[in-house]
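Asker: One structure coming up, written as structure tokens, with questions to follow.
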Amino acid sequence: MDKDKSLLYEALFELSQAISGHDDLGGFCRSLAGSLRRVVPFDYLALLLHDAESDTLRMQALAPDEEIGERGLDRIPPGEATPAGWVWTHQQPLFIPRVDREERWRELLDSIRHRGLTALLVVPLTAGEHRLGVLAFAFASEASASREERGFIQRVASEFAVTLDSHLTRQRYLRERDRLQLLFDLTNALVSKLAPDELFAAMTEQLRRTVDFDLAAVMLCDRITGELRVGGSWCDPALGLEIERVSVRPEGLPAAEAIASGLPVRTDRVDYGRFPSPLYRRWAEAGFRSSCSLPLATRNAVLGTLELGRIDERSFSDEDVGLLVQISRQVAVALENSLAYAELAEMKEKLAVEKRYLEDEIRSDRDVGEMLGESAAFQAVLENIRIVAPTGATVLILGETGTGKELVARAIHQRSPRADKGFVKVNCAAIPASLLESELFGHEKGAFTGALARRVGRFELADKGTLFLDEIGEIPYELQSKLLRAIQEREFERLGGDRTLKVDVRIIAASNRDLKAMVDAGGFRSDLYYRLHVFPLTVPPLRERREDIPLLVGHFTRKYARRTGRRIDTIPAEAMDILSRYEWPGNIRELQNILERSVILSRGRMLELAMPETAVPRSAPAPPPPPDPALERERILAVLRESGGVVGGQDGAARRLGLKRTTLQARMKKLGIRKGYA
């Protein structure tokens, strides 16, 4: 066909102007087709560019915007197997005037012919030494492109290749600029975040600007169990999926390969044979097909992995992975700092709480030295303490209020292999039911209204030591199952947390209530009761160990005299008689209070007993049983040692015992205590 050269040049000029006004491949293709049809009567145009990563020719644009050919033409390997591959390989144009007569590529050409197309022209797109791809033209008319038109198309292709090469180069530079900006913005975002959740949210927000994904998650390594737990996740809201924060074994996950090799692991299809983990199967069944798992590693340790997923089979490109590797390094450093900060904050809080415990112990002045008594009932308690203390068994201490159950618990702790570790006390009756779970197990930031920071629970504080659960009968029924698990399995989760914490704690519980009756009444779990009832130990009330009252009276009188700066040398026999006959409903605690009050009110060196009106017996009590000779002898010897062997006088043993000198001498003779023994 004879075409006026001016028309060709005019069309070429218009074409150059048209394609230069676009910055996307689809626009390029449409402009090329629109301008070129003024000169060459083709029906379809396809743009295929070479993808260096997969070494294939990939369909980028069509004109008109509809498919041609069979599926699979969007990824064509170079070589002799297809017309486009042949043109790419040989860098020569290929014209097939009759596709029905071409013997090569028979199957492919038949599919083209069945769509009403008769001729095919494929020309290379090359700009200098840059082989970009190919342009394919299909014709439905038998009067396809003439030699002159084919020459014009080749010239157009050369011009188009230059424009296309410039466009692709610009796009590469823009992507590189965007990725560098992403790394810069990501660094700024990460350095201002210390909480792991905030860190993950900042990372996800920045990453979505450049990399396309439908799922992101950070898997953290548990150094103790070796498991991986979901430390943070994001999923496209349109998918309607909720990612549980679970802990799993790494075997059978892409993450396991990434951690072992230290390299990214990419997948573009489901592979249960390679990844048999149930978690991988759940993700695959949720629709995810391609994934990229990147190790989060620093110079010190592998912290976990960064997981990205897509619901289609588009593999993450080398360019994507290169960027993700750089991002994962930044995230790993920031995550290490975040975890170290959280650990230090937790240790600081734990030390602060332990400091308060130590201060409370010093102020309370409670020690095993106050466990005084020579009665058979109390000696049985001491023997049980001696037996159970070194075993590590759970102990349930029973007894009335004020009998000294906490002192017994401390004695067990101090005689155990855990004596150099913490003794942590929880009074279950003194803490509101709504706060008791947080007090025992701790809570995460935001777990409930007012939870402004993470809090370490008493179980964590008592790790490697002893946890004393006082008034265990007051714990709410709904909390007893979690307490049972913590006692039995030595593991629990903080309130609002998903990470299982393991502790090594010895449990000592105490109650002034009849727990068995509570079990029968449905107020206390039977499984928790029997778990606590490993070694029951009952502390007798003071009225059942009256023979210990003189020793306790002497001890507490001296203690409170020192504390108040008083000097009390004598306890009158009448006062000792009243104290020995009283029923003591408040037990030793009540005895302490009465003696402290009496010391404060005493005006001289003799104790002036100040019994409150409510403490005076309403009826005449039965006469006290005669003192045991052996106990009385030991008591007199102890006082004689304190007085340096002096019997009479202001500092003598008689005055200290509230006896006349002659009475004391008579008793010494009767008990075989020689004068001047000291």
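Labeling convention for the structure tokens: chains A, B, ... as they appear, residues from 1 per chain, ligands from 1 in order of appearance.
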When you look at A:Thr570 with a cut-off of 6 Å (counting only C-alpha atoms), what residues show up, excluding the ones that are within fewer than 6 positions of it in the same chain? I need them as a list of chain:residue names.

Answerer: A:Met606, A:Arg655, A:Arg656, A:Gly658

Asker: Go through stretch 365-416 of chain A and collect every residue that DSSP, computed from the backbone, puts in strand (DSSP E); the answer should be as a list in words.

Answerer: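 Matching residues for strand (DSSP E) in stretch 365-416 of chain A are Val395, Leu396, Ile397 and Leu398 of chain A.
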
Asker: What separation in Å, quoted to one decimal, exists between atom CA of A:Val331 and atom CA of A:Leu199?

Answerer: 8.3 Å

Asker: Need the shell around stretch 118-125 of chain A: protein/DNA/RNA residues with any atom at most 10 Å away, counting only C-alpha atoms. Skip same-chain ones fewer than 6 positions apart. Format as a PyMOL selection string?

Answerer: chain A and resi 42+44-50+83-101+109-110+112+131-145+150+153-162+164-165

Asker: Could you write out that same residue set with C-alpha atoms as a short mmCIF file (atom, residue, chain, number, x, y, z; two decimals), in the first residue's frame?

Answerer:
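Result file follows (part_27.cif):
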data_model
loop_
_atom_site.label_atom_id
_atom_site.label_comp_id
_atom_site.auth_asym_id
_atom_site.auth_seq_id
_atom_site.Cartn_x
_atom_site.Cartn_y
_atom_site.Cartn_z
CA PHE A 42 -4.35 -4.11 13.15
CA TYR A 44 -5.06 -6.33 18.75
CA LEU A 45 -1.86 -5.11 20.36
CA ALA A 46 -0.05 -6.74 23.32
CA LEU A 47 2.89 -5.39 25.32
CA LEU A 48 5.13 -8.02 26.95
CA LEU A 49 8.11 -7.00 29.08
CA HIS A 50 10.96 -9.14 30.29
CA PRO A 83 6.68 -16.56 18.77
CA ALA A 84 7.31 -13.93 21.46
CA GLY A 85 10.08 -16.05 23.00
CA TRP A 86 11.66 -16.53 19.55
CA VAL A 87 11.65 -12.75 18.87
CA TRP A 88 13.12 -12.01 22.31
CA THR A 89 15.86 -14.56 21.87
CA HIS A 90 16.82 -13.66 18.26
CA GLN A 91 16.04 -9.93 18.48
CA GLN A 92 14.45 -10.12 15.04
CA PRO A 93 10.89 -9.24 13.97
CA LEU A 94 8.59 -12.16 13.14
CA PHE A 95 5.72 -11.90 10.65
CA ILE A 96 3.27 -14.77 10.15
CA PRO A 97 0.91 -13.74 7.30
CA ARG A 98 -1.23 -16.90 7.57
CA VAL A 99 -1.40 -18.45 11.04
CA ASP A 100 -3.30 -21.42 9.59
CA ARG A 101 -0.32 -22.35 7.39
CA LEU A 109 -1.51 -20.40 16.61
CA ASP A 110 -4.65 -22.55 16.45
CA ILE A 112 -5.30 -17.45 17.86
CA ARG A 131 16.27 -5.57 25.74
CA LEU A 132 12.91 -4.59 27.21
CA GLY A 133 10.40 -7.02 25.68
CA VAL A 134 8.24 -7.40 22.57
CA LEU A 135 5.20 -5.84 20.88
CA ALA A 136 2.72 -8.27 19.33
CA PHE A 137 0.16 -7.21 16.66
CA ALA A 138 -2.72 -9.46 15.57
CA PHE A 139 -4.79 -8.97 12.41
CA ALA A 140 -8.28 -10.27 11.61
CA SER A 141 -8.28 -9.14 7.96
CA GLU A 142 -6.55 -11.15 5.28
CA ALA A 143 -5.11 -7.89 4.00
CA SER A 144 -2.64 -7.61 6.87
CA ALA A 145 0.40 -5.35 7.16
CA ARG A 150 5.84 -3.52 8.88
CA ILE A 153 5.87 -0.57 12.89
CA GLN A 154 9.51 -1.51 13.53
CA ARG A 155 10.48 2.14 13.51
CA VAL A 156 7.63 2.93 15.86
CA ALA A 157 8.75 0.09 18.11
CA SER A 158 12.26 1.56 18.28
CA GLU A 159 10.91 4.99 19.22
CA PHE A 160 8.50 3.42 21.66
CA ALA A 161 11.31 1.37 23.25
CA VAL A 162 13.29 4.55 24.01
CA LEU A 164 9.45 2.95 27.48
CA ASP A 165 13.03 2.52 28.69
#

Asker: Would you mind telling me which residue in A:Phe288, A:Tyr272, A:Tyr280, A:Tyr341 lies nearest to A:Ala255 when using only C-alpha atoms?

Answerer: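 Of all the options, A:Tyr280 lies closest to A:Ala255.
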